[in-house]
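File shown here: upload-v7.cif, holding mmCIF, C-alpha atoms.
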data_upload
loop_
_atom_site.label_atom_id
_atom_site.label_comp_id
_atom_site.auth_asym_id
_atom_site.auth_seq_id
_atom_site.Cartn_x
_atom_site.Cartn_y
_atom_site.Cartn_z
CA MET H 1 41.55 -114.42 -113.32
CA PRO H 2 39.46 -116.23 -115.91
CA VAL H 3 42.32 -118.03 -117.68
CA PRO H 4 43.01 -121.38 -115.98
CA ILE H 5 46.53 -121.76 -114.59
CA GLU H 6 46.97 -125.00 -116.56
CA TYR H 7 47.00 -123.12 -119.87
CA TYR H 8 49.99 -121.02 -118.83
CA LEU H 9 51.81 -124.09 -117.52
CA VAL H 10 51.20 -126.07 -120.71
CA LEU H 11 52.42 -123.13 -122.82
CA SER H 12 55.51 -122.96 -120.62
CA ALA H 13 56.10 -126.72 -121.04
CA PHE H 14 55.65 -126.40 -124.82
CA MET H 15 58.22 -123.60 -125.03
CA PHE H 16 60.62 -125.56 -122.84
CA PHE H 17 60.50 -128.60 -125.12
CA THR H 18 60.81 -126.40 -128.20
CA GLY H 19 64.07 -125.24 -126.63
CA VAL H 20 65.10 -128.82 -125.87
CA ALA H 21 64.44 -129.84 -129.50
CA GLY H 22 66.45 -126.81 -130.66
CA VAL H 23 69.43 -127.73 -128.49
CA LEU H 24 69.33 -131.35 -129.67
CA THR H 25 68.84 -130.75 -133.39
CA ARG H 26 70.74 -127.57 -134.27
CA ARG H 27 74.47 -127.56 -134.94
CA ASN H 28 75.16 -123.80 -134.91
CA ALA H 29 76.59 -122.85 -131.51
CA ILE H 30 74.75 -119.51 -131.39
CA VAL H 31 71.37 -121.07 -132.22
CA VAL H 32 71.96 -123.70 -129.52
CA PHE H 33 72.68 -120.86 -127.12
CA MET H 34 69.47 -119.07 -128.14
CA SER H 35 67.50 -122.28 -127.54
CA VAL H 36 68.91 -122.31 -124.00
CA GLU H 37 67.60 -118.74 -123.59
CA LEU H 38 64.18 -119.97 -124.76
CA MET H 39 64.23 -122.67 -122.07
CA LEU H 40 65.17 -120.09 -119.42
CA ASN H 41 62.25 -117.94 -120.51
CA SER H 42 59.76 -120.78 -120.34
CA ALA H 43 60.85 -121.44 -116.76
CA ASN H 44 60.39 -117.72 -116.07
CA LEU H 45 56.84 -117.93 -117.41
CA SER H 46 56.05 -120.74 -114.95
CA LEU H 47 57.52 -118.74 -112.06
CA VAL H 48 55.54 -115.60 -112.93
CA THR H 49 52.36 -117.66 -113.36
CA PHE H 50 52.58 -119.19 -109.90
CA SER H 51 53.65 -115.87 -108.39
CA SER H 52 50.65 -114.12 -109.91
CA TYR H 53 48.08 -116.80 -109.08
CA LEU H 54 49.31 -117.07 -105.48
CA GLY H 55 49.62 -113.30 -105.01
CA ASN H 56 53.18 -113.69 -103.74
CA PRO H 57 56.00 -111.55 -105.23
CA ALA H 58 58.74 -114.13 -104.49
CA GLY H 59 58.41 -115.76 -107.91
CA GLN H 60 58.79 -112.46 -109.72
CA LEU H 61 61.87 -111.63 -107.66
CA PHE H 62 63.29 -114.98 -108.66
CA VAL H 63 62.63 -114.11 -112.30
CA PHE H 64 64.54 -110.86 -111.75
CA PHE H 65 67.60 -112.80 -110.56
CA VAL H 66 67.23 -115.33 -113.39
CA MET H 67 67.36 -112.40 -115.84
CA THR H 68 70.55 -111.13 -114.18
CA VAL H 69 72.19 -114.53 -114.45
CA ALA H 70 70.99 -114.90 -118.06
CA ALA H 71 72.58 -111.56 -118.97
CA ALA H 72 75.88 -112.60 -117.37
CA GLU H 73 75.67 -116.00 -119.06
CA ALA H 74 75.01 -114.45 -122.48
CA ALA H 75 78.01 -112.12 -122.17
CA VAL H 76 80.43 -114.87 -121.13
CA GLY H 77 79.00 -117.46 -123.52
CA LEU H 78 79.21 -115.19 -126.54
CA ALA H 79 82.79 -114.26 -125.58
CA ILE H 80 83.62 -117.99 -125.48
CA ILE H 81 82.00 -118.47 -128.90
CA ILE H 82 84.07 -115.58 -130.32
CA ALA H 83 87.27 -117.04 -128.84
CA LEU H 84 86.43 -120.47 -130.28
CA PHE H 85 85.64 -119.00 -133.70
CA ARG H 86 88.99 -117.23 -133.71
CA ASN H 87 90.77 -120.53 -133.18
CA LYS H 88 88.73 -123.05 -135.16
CA LEU H 89 87.02 -120.75 -137.74
CA THR H 90 83.74 -122.60 -137.30
CA MET H 91 80.56 -122.40 -135.24
CA ASN H 92 79.52 -125.99 -135.84
CA ILE H 93 79.45 -127.73 -132.47
CA ASP H 94 80.27 -131.08 -134.10
CA GLU H 95 83.66 -129.71 -135.12
CA ILE H 96 84.36 -128.04 -131.77
CA ASN H 97 85.48 -131.17 -129.95
CA ILE H 98 88.81 -130.23 -128.37
CA LEU H 99 87.51 -131.21 -124.92
CA LYS H 100 86.76 -134.77 -126.12
CA TRP H 101 89.43 -137.41 -125.80
CA MET C 1 35.10 -115.27 -124.14
CA SER C 2 36.71 -112.78 -121.81
CA ILE C 3 39.34 -110.31 -122.92
CA GLU C 4 41.98 -112.07 -120.78
CA LEU C 5 41.42 -115.38 -122.54
CA ILE C 6 41.55 -113.73 -125.99
CA LEU C 7 44.81 -111.96 -125.10
CA PHE C 8 46.24 -115.21 -123.72
CA ILE C 9 45.38 -117.07 -126.94
CA ILE C 10 46.89 -114.35 -129.17
CA PHE C 11 50.13 -113.96 -127.20
CA GLY C 12 50.42 -117.68 -126.49
CA LEU C 13 50.02 -118.59 -130.17
CA VAL C 14 52.61 -116.01 -131.21
CA ALA C 15 55.02 -117.26 -128.52
CA ALA C 16 54.60 -120.93 -129.48
CA VAL C 17 54.79 -120.40 -133.25
CA SER C 18 57.75 -118.04 -133.07
CA GLY C 19 59.56 -120.54 -130.84
CA ILE C 20 59.08 -123.28 -133.44
CA LEU C 21 60.11 -120.94 -136.28
CA MET C 22 63.18 -119.98 -134.23
CA ILE C 23 64.54 -123.53 -134.13
CA THR C 24 63.66 -124.36 -137.74
CA ARG C 25 65.19 -121.38 -139.63
CA SER C 26 68.59 -122.17 -141.13
CA ASN C 27 69.66 -118.49 -141.09
CA PRO C 28 70.75 -117.58 -137.53
CA VAL C 29 69.72 -113.92 -138.02
CA MET C 30 66.13 -115.03 -138.69
CA SER C 31 66.31 -117.26 -135.60
CA ALA C 32 67.38 -114.29 -133.47
CA LEU C 33 64.57 -112.10 -134.85
CA PHE C 34 61.95 -114.79 -134.11
CA LEU C 35 63.36 -115.13 -130.60
CA ILE C 36 62.88 -111.36 -130.13
CA LEU C 37 59.24 -111.78 -131.26
CA ASN C 38 58.90 -114.62 -128.77
CA PHE C 39 60.21 -112.41 -125.94
CA GLY C 40 57.83 -109.62 -126.95
CA SER C 41 54.81 -111.91 -126.76
CA LEU C 42 56.10 -113.24 -123.43
CA ALA C 43 56.09 -109.66 -122.15
CA GLY C 44 52.43 -109.47 -123.24
CA LEU C 45 51.71 -112.67 -121.31
CA TYR C 46 53.35 -111.17 -118.23
CA ILE C 47 51.03 -108.18 -118.56
CA THR C 48 48.02 -110.53 -118.59
CA LEU C 49 49.46 -112.05 -115.40
CA ASN C 50 49.58 -108.57 -113.74
CA ALA C 51 53.40 -108.66 -113.61
CA GLN C 52 54.12 -105.15 -114.90
CA PHE C 53 57.72 -104.87 -113.72
CA ILE C 54 58.77 -108.24 -115.13
CA ALA C 55 57.07 -107.44 -118.45
CA VAL C 56 59.03 -104.19 -118.85
CA ALA C 57 62.26 -105.85 -117.68
CA GLU C 58 61.70 -108.65 -120.22
CA VAL C 59 61.50 -106.15 -123.08
CA ILE C 60 64.44 -104.05 -121.89
CA VAL C 61 66.82 -106.79 -120.71
CA TYR C 62 66.01 -109.71 -123.02
CA ALA C 63 64.61 -108.24 -126.23
CA GLY C 64 66.69 -105.09 -125.89
CA ALA C 65 70.07 -105.97 -124.42
CA ILE C 66 70.71 -109.72 -124.69
CA MET C 67 69.28 -110.21 -128.19
CA VAL C 68 71.14 -107.18 -129.56
CA LEU C 69 74.33 -108.78 -128.21
CA PHE C 70 73.39 -112.03 -129.97
CA LEU C 71 72.69 -110.20 -133.25
CA PHE C 72 76.01 -108.36 -133.01
CA VAL C 73 77.91 -111.62 -132.55
CA ILE C 74 76.01 -113.36 -135.38
CA MET C 75 76.77 -110.50 -137.76
CA LEU C 76 80.38 -110.23 -136.56
CA LEU C 77 81.20 -113.85 -137.31
CA ARG C 78 81.19 -115.30 -140.76
CA PRO C 79 77.74 -116.52 -141.75
CA GLU C 80 78.10 -120.13 -142.75
CA HIS C 81 75.47 -122.50 -143.91
CA GLU C 82 74.69 -125.08 -141.35
CA LYS C 83 75.71 -128.58 -142.23
CA LEU C 84 72.68 -130.61 -141.33
CA ALA C 85 74.45 -133.94 -141.73
CA PHE C 86 74.80 -135.69 -138.42
CA LYS C 87 77.43 -138.19 -137.52
CA ILE C 88 74.78 -140.65 -136.35
CA PRO C 89 71.86 -140.89 -138.84
CA GLY C 90 68.35 -140.52 -137.49
CA ILE C 91 69.42 -138.68 -134.34
CA LYS C 92 67.38 -135.62 -135.37
CA THR C 93 64.04 -137.46 -135.62
CA PHE C 94 64.90 -139.34 -132.46
CA SER C 95 65.49 -136.15 -130.47
CA ILE C 96 62.30 -134.51 -131.80
CA ILE C 97 60.27 -137.61 -130.86
CA ILE C 98 61.82 -137.57 -127.37
CA ALA C 99 60.98 -133.87 -126.94
CA ILE C 100 57.34 -134.36 -128.07
CA MET C 101 56.92 -137.44 -125.87
CA VAL C 102 58.22 -135.75 -122.75
CA PHE C 103 56.08 -132.67 -123.52
CA PHE C 104 52.92 -134.79 -123.64
CA GLN C 105 53.90 -136.51 -120.41
CA LEU C 106 54.34 -133.12 -118.73
CA ALA C 107 51.07 -131.76 -120.17
CA TYR C 108 49.24 -134.88 -118.95
CA MET C 109 50.80 -134.37 -115.50
CA ILE C 110 49.69 -130.72 -115.42
CA PHE C 111 46.08 -131.52 -116.34
CA PHE C 112 46.01 -134.61 -114.13
CA ALA C 113 47.30 -132.74 -111.06
CA HIS C 114 44.85 -129.91 -111.81
CA PRO C 115 46.50 -127.12 -109.77
CA GLY C 116 43.57 -124.81 -110.53
CA SER C 117 41.45 -126.70 -107.99
CA ILE C 118 43.95 -125.99 -105.17
CA ILE C 119 45.10 -122.46 -106.05
CA LYS C 120 42.42 -119.86 -105.48
CA PRO C 121 43.50 -116.77 -107.44
CA ASP C 122 43.16 -113.46 -105.63
CA VAL C 123 43.16 -110.67 -108.24
CA ALA C 124 43.83 -107.83 -105.76
CA ALA C 125 46.84 -109.64 -104.24
CA SER C 126 48.06 -110.55 -107.72
CA ILE C 127 47.97 -106.93 -108.91
CA LYS C 128 49.74 -105.79 -105.74
CA ALA C 129 52.47 -108.45 -106.09
CA GLY C 130 53.47 -107.34 -109.58
CA THR C 131 53.90 -103.60 -109.08
CA VAL C 132 57.29 -101.91 -109.20
CA GLU C 133 56.68 -100.70 -105.64
CA THR C 134 56.32 -104.19 -104.18
CA ILE C 135 59.23 -105.65 -106.15
CA GLY C 136 61.49 -102.72 -105.22
CA ARG C 137 60.58 -102.91 -101.56
CA GLU C 138 61.24 -106.66 -101.46
CA LEU C 139 64.53 -106.23 -103.33
CA PHE C 140 65.88 -103.68 -100.89
CA THR C 141 64.62 -105.32 -97.69
CA ASN C 142 64.33 -109.11 -97.75
CA TYR C 143 66.44 -109.76 -100.84
CA VAL C 144 69.19 -107.16 -100.44
CA LEU C 145 72.00 -109.74 -100.12
CA PRO C 146 71.07 -111.61 -103.34
CA PHE C 147 70.71 -108.22 -105.01
CA GLU C 148 74.28 -107.26 -104.10
CA ALA C 149 75.49 -110.72 -105.14
CA ALA C 150 73.80 -110.24 -108.52
CA GLY C 151 75.74 -106.98 -108.91
CA TYR C 152 79.03 -108.77 -108.23
CA LEU C 153 78.03 -111.53 -110.65
CA LEU C 154 77.48 -108.98 -113.41
CA LEU C 155 80.86 -107.35 -112.64
CA ALA C 156 82.58 -110.74 -112.79
CA ALA C 157 80.80 -111.56 -116.06
CA THR C 158 81.89 -108.24 -117.59
CA ILE C 159 85.53 -108.82 -116.66
CA GLY C 160 85.31 -112.44 -117.83
CA ALA C 161 83.84 -111.46 -121.19
CA VAL C 162 86.58 -108.85 -121.76
CA VAL C 163 89.33 -111.33 -120.84
CA LEU C 164 87.84 -114.14 -122.95
CA ALA C 165 87.31 -112.01 -126.05
CA LYS C 166 90.87 -110.66 -125.97
CA LYS C 167 93.17 -111.67 -128.77
CA LYS C 168 95.55 -114.59 -128.18
CA PHE C 169 93.72 -115.77 -125.12
CA VAL C 170 93.54 -119.46 -125.93
#
I'd like the structure from this file rewritten - as C-alpha cells, please.
Amino acid sequence: MPVPIEYYLVLSAFMFFTGVAGVLTRRNAIVVFMSVELMLNSANLSLVTFSSYLGNPAGQLFVFFVMTVAAAEAAVGLAIIIALFRNKLTMNIDEINILKW
Amino acid sequence: MSIELILFIIFGLVAAVSGILMITRSNPVMSALFLILNFGSLAGLYITLNAQFIAVAEVIVYAGAIMVLFLFVIMLLRPEHEKLAFKIPGIKTFSIIIAIMVFFQLAYMIFFAHPGSIIKPDVAASIKAGTVETIGRELFTNYVLPFEAAGYLLLAATIGAVVLAKKKFV
C-alpha cells in the first residue's frame, strides 16, 4: 500500500478534534450529538487503518460492533431529545439544566 | 503519484472539509447533510483500505439509517436559530484553541512514533481481511457471543426509544 499509515492516522485525529470542537462550541443538542457521531467515525477510521495494514480482521469486526452501538445510541439519544423538547420547548443545551443543582 | 494516494487525497480532503463545514453551519439541516457527505467520503477511504464490507455498512447504516433518523428529528422539531451567546465570554475561542493544540500534539506523536517503520503492510492479507467472507466467518465463529449481545442491545434500544418518546413520559 503506497499511502503511509501516518496520513490515515492524522486524518483520523483531525476529524476527532473537529468533533471535539463541535461538541464544545455548538449549543444545539442535535448538532452536539452529530459531532459525537463524527468522533465515533474518526475512531472507526483508525481501527480500519490498523486492521488493513496489519492484515487482521479484528479491527473491522470491532468497527462492526461500534456501528451497532452507534445505531442504538442514536435511537435512544434522539428519543431523549424529543422527550426534552416536549417538556422544555428548546434544544439549546444551555437551557436544559434540570440535572444541575 | 499513485492512484491510491490521489484517491486518499480526494476523499481525505472532502472528509476534513465537510467535517469543518458540519460544525460551522448554523442551520442543523445543513450540518446533517455535510455529515452525510463526510460519511460518504469515509466509505471511499475504507475502499482504499481494502475494507469492502465496512465501506458498504458505513453507507447503509450511517449515511442511510442513522442520518435519516437525525434528519427526521431535526425536521420534526421546531427549527430555532441558535443563540451563540455563551454564559462565559471567550469560551468558544478557548475551546477551539484547545482542540487545535491537542490535535497538533497528537499529529506530532503520530509522526514521531512513525508506525510505518514497524508495520509492514501485506496487501494480500489486507484484501483477504476485508472481504465479506472473512468478516462473516469471524462473526459466526469467534465473535458469535458479542454478535448475539449486539442483537439484544439493539432490541433494548428499540424498546427504550419507544418508551422514551411516548407522551407524558417525564
Task: Hits from the PyMOL selection byres ((chain C) within 7 of (chain H)), listed as a PyMOL selection string - done: chain C and resi 4-5+12+16+19-20+23+28+49-50+54+66+82+92+95-96+99+103+107+110-111+116+119+121-123+125-126+129-130+135+150+154+157+160-161+164-165
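In this model, the gap between atom CA of Ser41 of chain C and atom CA of Ile74 of chain C comes to 22.9 Å.
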Task: Residues matched by the PyMOL selection byres ((chain C and resi 59) around 12) as a PyMOL selection string - done: (chain H and resi 67) or (chain C and resi 35-47+52-58+60-68)
- [ ] Could you jot down the atom CA of Val29 of chain C to atom CA of Leu69 of chain C separation for me, Å, one decimal place?
- [x] 12.0 Å
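Between atom CA of Ala51 of chain C and atom CA of Met30 of chain C the separation is 28.8 Å.
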Can you put N, CA and C atoms back into segment 117-148 of chain C and show it as a PDB file, keeping the file's coordinate frame?
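Written out: result22.pdb:
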ATOM      1  N   SER C 117      42.419-126.389-109.043  1.00  0.00           N
ATOM      2  CA  SER C 117      41.450-126.700-107.990  1.00  0.00           C
ATOM      3  C   SER C 117      42.000-126.356-106.615  1.00  0.00           C
ATOM      4  N   ILE C 118      43.347-126.278-106.477  1.00  0.00           N
ATOM      5  CA  ILE C 118      43.950-125.990-105.170  1.00  0.00           C
ATOM      6  C   ILE C 118      44.198-124.491-105.029  1.00  0.00           C
ATOM      7  N   ILE C 119      44.710-123.860-106.120  1.00  0.00           N
ATOM      8  CA  ILE C 119      45.100-122.460-106.050  1.00  0.00           C
ATOM      9  C   ILE C 119      43.871-121.601-106.297  1.00  0.00           C
ATOM     10  N   LYS C 120      43.545-120.782-105.323  1.00  0.00           N
ATOM     11  CA  LYS C 120      42.420-119.860-105.480  1.00  0.00           C
ATOM     12  C   LYS C 120      42.992-118.482-105.822  1.00  0.00           C
ATOM     13  N   PRO C 121      42.877-118.050-107.084  1.00  0.00           N
ATOM     14  CA  PRO C 121      43.500-116.770-107.440  1.00  0.00           C
ATOM     15  C   PRO C 121      42.802-115.591-106.777  1.00  0.00           C
ATOM     16  N   ASP C 122      43.639-114.681-106.290  1.00  0.00           N
ATOM     17  CA  ASP C 122      43.160-113.460-105.630  1.00  0.00           C
ATOM     18  C   ASP C 122      43.662-112.298-106.487  1.00  0.00           C
ATOM     19  N   VAL C 123      42.732-111.661-107.248  1.00  0.00           N
ATOM     20  CA  VAL C 123      43.160-110.670-108.240  1.00  0.00           C
ATOM     21  C   VAL C 123      43.820-109.469-107.563  1.00  0.00           C
ATOM     22  N   ALA C 124      43.266-109.007-106.422  1.00  0.00           N
ATOM     23  CA  ALA C 124      43.830-107.830-105.760  1.00  0.00           C
ATOM     24  C   ALA C 124      45.268-108.107-105.299  1.00  0.00           C
ATOM     25  N   ALA C 125      45.482-109.302-104.688  1.00  0.00           N
ATOM     26  CA  ALA C 125      46.840-109.640-104.240  1.00  0.00           C
ATOM     27  C   ALA C 125      47.775-109.805-105.425  1.00  0.00           C
ATOM     28  N   SER C 126      47.227-110.340-106.526  1.00  0.00           N
ATOM     29  CA  SER C 126      48.060-110.550-107.720  1.00  0.00           C
ATOM     30  C   SER C 126      48.513-109.222-108.308  1.00  0.00           C
ATOM     31  N   ILE C 127      47.594-108.245-108.369  1.00  0.00           N
ATOM     32  CA  ILE C 127      47.970-106.930-108.910  1.00  0.00           C
ATOM     33  C   ILE C 127      49.002-106.278-108.000  1.00  0.00           C
ATOM     34  N   LYS C 128      48.811-106.414-106.684  1.00  0.00           N
ATOM     35  CA  LYS C 128      49.740-105.790-105.740  1.00  0.00           C
ATOM     36  C   LYS C 128      51.130-106.447-105.834  1.00  0.00           C
ATOM     37  N   ALA C 129      51.175-107.758-106.072  1.00  0.00           N
ATOM     38  CA  ALA C 129      52.470-108.450-106.090  1.00  0.00           C
ATOM     39  C   ALA C 129      53.320-108.051-107.283  1.00  0.00           C
ATOM     40  N   GLY C 130      52.689-107.597-108.381  1.00  0.00           N
ATOM     41  CA  GLY C 130      53.470-107.340-109.580  1.00  0.00           C
ATOM     42  C   GLY C 130      53.927-105.912-109.756  1.00  0.00           C
ATOM     43  N   THR C 131      53.545-105.005-108.860  1.00  0.00           N
ATOM     44  CA  THR C 131      53.900-103.600-109.080  1.00  0.00           C
ATOM     45  C   THR C 131      55.384-103.373-108.812  1.00  0.00           C
ATOM     46  N   VAL C 132      55.888-102.285-109.395  1.00  0.00           N
ATOM     47  CA  VAL C 132      57.290-101.910-109.200  1.00  0.00           C
ATOM     48  C   VAL C 132      57.543-101.628-107.716  1.00  0.00           C
ATOM     49  N   GLU C 133      56.531-101.057-107.053  1.00  0.00           N
ATOM     50  CA  GLU C 133      56.680-100.700-105.640  1.00  0.00           C
ATOM     51  C   GLU C 133      56.960-101.946-104.796  1.00  0.00           C
ATOM     52  N   THR C 134      56.134-102.977-104.982  1.00  0.00           N
ATOM     53  CA  THR C 134      56.320-104.190-104.180  1.00  0.00           C
ATOM     54  C   THR C 134      57.657-104.854-104.480  1.00  0.00           C
ATOM     55  N   ILE C 135      57.979-104.976-105.781  1.00  0.00           N
ATOM     56  CA  ILE C 135      59.230-105.650-106.150  1.00  0.00           C
ATOM     57  C   ILE C 135      60.410-104.868-105.590  1.00  0.00           C
ATOM     58  N   GLY C 136      60.392-103.533-105.714  1.00  0.00           N
ATOM     59  CA  GLY C 136      61.490-102.720-105.220  1.00  0.00           C
ATOM     60  C   GLY C 136      61.634-102.825-103.714  1.00  0.00           C
ATOM     61  N   ARG C 137      60.495-102.819-103.025  1.00  0.00           N
ATOM     62  CA  ARG C 137      60.580-102.910-101.560  1.00  0.00           C
ATOM     63  C   ARG C 137      61.165-104.255-101.146  1.00  0.00           C
ATOM     64  N   GLU C 138      60.702-105.329-101.797  1.00  0.00           N
ATOM     65  CA  GLU C 138      61.240-106.660-101.460  1.00  0.00           C
ATOM     66  C   GLU C 138      62.729-106.740-101.775  1.00  0.00           C
ATOM     67  N   LEU C 139      63.128-106.153-102.925  1.00  0.00           N
ATOM     68  CA  LEU C 139      64.530-106.230-103.330  1.00  0.00           C
ATOM     69  C   LEU C 139      65.439-105.556-102.335  1.00  0.00           C
ATOM     70  N   PHE C 140      64.988-104.435-101.765  1.00  0.00           N
ATOM     71  CA  PHE C 140      65.880-103.680-100.890  1.00  0.00           C
ATOM     72  C   PHE C 140      65.654-103.973 -99.419  1.00  0.00           C
ATOM     73  N   THR C 141      64.743-104.912 -99.094  1.00  0.00           N
ATOM     74  CA  THR C 141      64.620-105.320 -97.690  1.00  0.00           C
ATOM     75  C   THR C 141      64.975-106.787 -97.527  1.00  0.00           C
ATOM     76  N   ASN C 142      64.108-107.686 -97.998  1.00  0.00           N
ATOM     77  CA  ASN C 142      64.330-109.110 -97.750  1.00  0.00           C
ATOM     78  C   ASN C 142      65.396-109.698 -98.646  1.00  0.00           C
ATOM     79  N   TYR C 143      65.567-109.135 -99.851  1.00  0.00           N
ATOM     80  CA  TYR C 143      66.440-109.760-100.840  1.00  0.00           C
ATOM     81  C   TYR C 143      67.657-108.887-101.128  1.00  0.00           C
ATOM     82  N   VAL C 144      68.113-108.102-100.138  1.00  0.00           N
ATOM     83  CA  VAL C 144      69.190-107.160-100.440  1.00  0.00           C
ATOM     84  C   VAL C 144      70.518-107.883-100.644  1.00  0.00           C
ATOM     85  N   LEU C 145      70.735-109.006 -99.945  1.00  0.00           N
ATOM     86  CA  LEU C 145      72.000-109.740-100.120  1.00  0.00           C
ATOM     87  C   LEU C 145      72.074-110.401-101.502  1.00  0.00           C
ATOM     88  N   PRO C 146      71.028-111.115-101.961  1.00  0.00           N
ATOM     89  CA  PRO C 146      71.070-111.610-103.340  1.00  0.00           C
ATOM     90  C   PRO C 146      71.200-110.495-104.363  1.00  0.00           C
ATOM     91  N   PHE C 147      70.626-109.346-104.078  1.00  0.00           N
ATOM     92  CA  PHE C 147      70.710-108.220-105.010  1.00  0.00           C
ATOM     93  C   PHE C 147      72.157-107.766-105.179  1.00  0.00           C
ATOM     94  N   GLU C 148      72.865-107.632-104.046  1.00  0.00           N
ATOM     95  CA  GLU C 148      74.280-107.260-104.100  1.00  0.00           C
ATOM     96  C   GLU C 148      75.095-108.345-104.799  1.00  0.00           C
TER      97      GLU C 148
END
